[in-house]
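To start, the structure itself, in structure tokens.
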Amino acid sequence: MKKFVLGLMVLALGAACASAGVSIDWAVAFGAYSHEAADLTSSVESDSILANYQVTWQLIYAGANNLADPIDIGNVAGGWVSGDDVVWGSRVITGIGVPAGDGTTFDTWMLRTGGNAPHDDLTWNTAGFVYQRLYENPVQAGAWYYQSGLVALNTSYEVGDAQQSAYLEGDPLTTAGVQPNQQVGTPIPEPATMSLLGLGALAMALRRRR
């Protein structure tokens with residue numbers, strides 16, 4: 001009987017642990033503007049990001065070092081992240097009211113109009129930080145993007161708990177929206193590519209000397 005009761009306790013403990021995880025309320029607080037917009041409190045639709053671009057919106061785990069690692073434009077399959085960062089979730093928004101991959105829809109200012117805002121992961125129990133990136137598509141060298149600050153994870157989330165806030169907040173003092181304000185850098189050639197470029201330059205120099 002004791003073994004039976006002990007077994008039930010172990011199962012209950014395992015179920016409780018399995019339900020622990022994180023939940024991030026993944027949303028825009030004050031709207032999103034294109035990088036050309038001059039006024040981030042404007043109500044002119046031409047200033048909004050979705051009136052001008054398709055966007056890629058990422059929720060990224062910052063890894064064990066709790067730092068947002070630089071963009072690696074060559075890591076297309078991994079979501080353009082570098083180091084130990086991992087893309088937890090990604091939404092490609094192709095237009096106003098057009099559902100993203102998770103069924104969420106947005107208005108012209110990228111405020112949610114339907115679908116789910118939270119990103120739930122009940123299996124994640126490793127402490128750390130998350131952040132978000134918002135790209136103006138296409139994602140390539142020279143493209144504009146916005147990067148949020150880091151948000152610490154609460155790994156004790158269970159179903160029914162309130163989600164953690166991981167808004168793209170912009171400037172809360174002026175209630176201004178977010179705006180892509182950085183550009184993706186040019187990818188750094190790999191050593192093998194650099195060697196080939198060097199040999200090509202040497203060949204050109206020798207040819208000119210002849």
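How things are named: the first chain in the structure tokens is A, the next is B, and so on; residues count from 1 in each chain; ligands count from 1 in the order shown.
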
Considering only C-alpha atoms, give me a table of residues in stretch 13-90 of chain A that are at most 7 Å from stretch 147-155 of chain A, with the closest atom pair and distance in Å for each, as a tab-separated table.
```
residue	atom	partner	partner_atom	distance
A:Ala20	CA	A:Thr155	CA	6.6
A:Gly21	CA	A:Thr155	CA	4.8
A:Val22	CA	A:Thr155	CA	5.0
```

Next, write the just-selected residues to a file, as a PDB file, in the first residue's frame, keeping C-alpha atoms as the atom set.
```
ATOM      1  CA  ALA A  20       5.337  24.253 -15.496  1.00  0.00           C
ATOM      2  CA  GLY A  21       6.687  26.457 -18.224  1.00  0.00           C
ATOM      3  CA  VAL A  22       6.409  29.964 -19.592  1.00  0.00           C
TER       4      VAL A  22
END
```

What lies within 8 Å of stretch 25-31 of chain A using only C-alpha atoms, ignoring chain neighbours under 6 positions off, as a VMD selection string?
chain A and resid 48 59 109 to 112 117 to 119 163 to 170 175 to 178

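If you measure from each of A:Tyr146, A:Phe129, A:Trp88, A:Trp124 to A:Ala62 using only C-alpha atoms, the closest one turns out to be A:Phe129.
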
Can you list every residue in stretch 126-168 of chain A that DSSP puts in strand (DSSP E), as a list in words?
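Those residues are Phe129, Val130, Tyr131, Gln132, Arg133, Leu134, Tyr135, Glu136, Trp144, Tyr145, Tyr146, Gln147, Val151, Ala152, Gln164 and Ser165 of chain A.
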
Using only C-alpha atoms, pick whichever of A:Thr126, A:Asn116, A:Ala141, A:Asn65 has the shortest atom-to-atom distance to A:Pro99.
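Looking at the shortest contact to A:Pro99, the residue is A:Asn116.
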
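Closest approach to A:Ile93 among A:Asp161, A:Asp120, A:Glu136, A:Glu45 is made by A:Glu136 (distances from only C-alpha atoms).
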
Polymer residues at most 8 Å from stretch 73-81 of chain A, only C-alpha atoms, same-chain spacing of 4 or more positions, as a ChimeraX atom specification
/A:69,85-87,140-141,184-187

Could the residues in this selection be written to a file with C-alpha atoms, as a tab-separated table (two decimals), in the first residue's frame?
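Written file, out13.tsv:
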```tsv
chain	number	residue	atom	x	y	z
A	69	ASP	CA	23.32	38.08	-29.92
A	85	ASP	CA	19.91	32.52	-29.34
A	86	VAL	CA	16.89	30.49	-30.48
A	87	VAL	CA	13.78	31.70	-32.31
A	140	GLN	CA	18.35	40.94	-46.12
A	141	ALA	CA	21.43	43.11	-45.76
A	184	VAL	CA	20.88	44.57	-40.97
A	185	GLY	CA	24.59	44.59	-41.68
A	186	THR	CA	26.37	43.08	-44.65
A	187	PRO	CA	27.30	39.42	-44.00
```

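As for atom CA of A:Ser23 and atom CA of A:Gly115, they are spaced 15.6 Å apart.
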
Closest of A:Gln132, A:Thr108, A:Tyr157, A:Pro138 to A:Val44 - atom-to-atom distances counting only C-alpha atoms
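Nearest candidate to A:Val44 out of A:Gln132, A:Thr108, A:Tyr157, A:Pro138: A:Thr108.
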
Check the smallest atom-to-atom distance from each of A:Val55, A:Ala64, A:Ile24, A:Val98 to A:Arg133 using only C-alpha atoms, then report the winner.
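Of A:Val55, A:Ala64, A:Ile24, A:Val98, the one nearest A:Arg133 is A:Val55, counting only C-alpha atoms.
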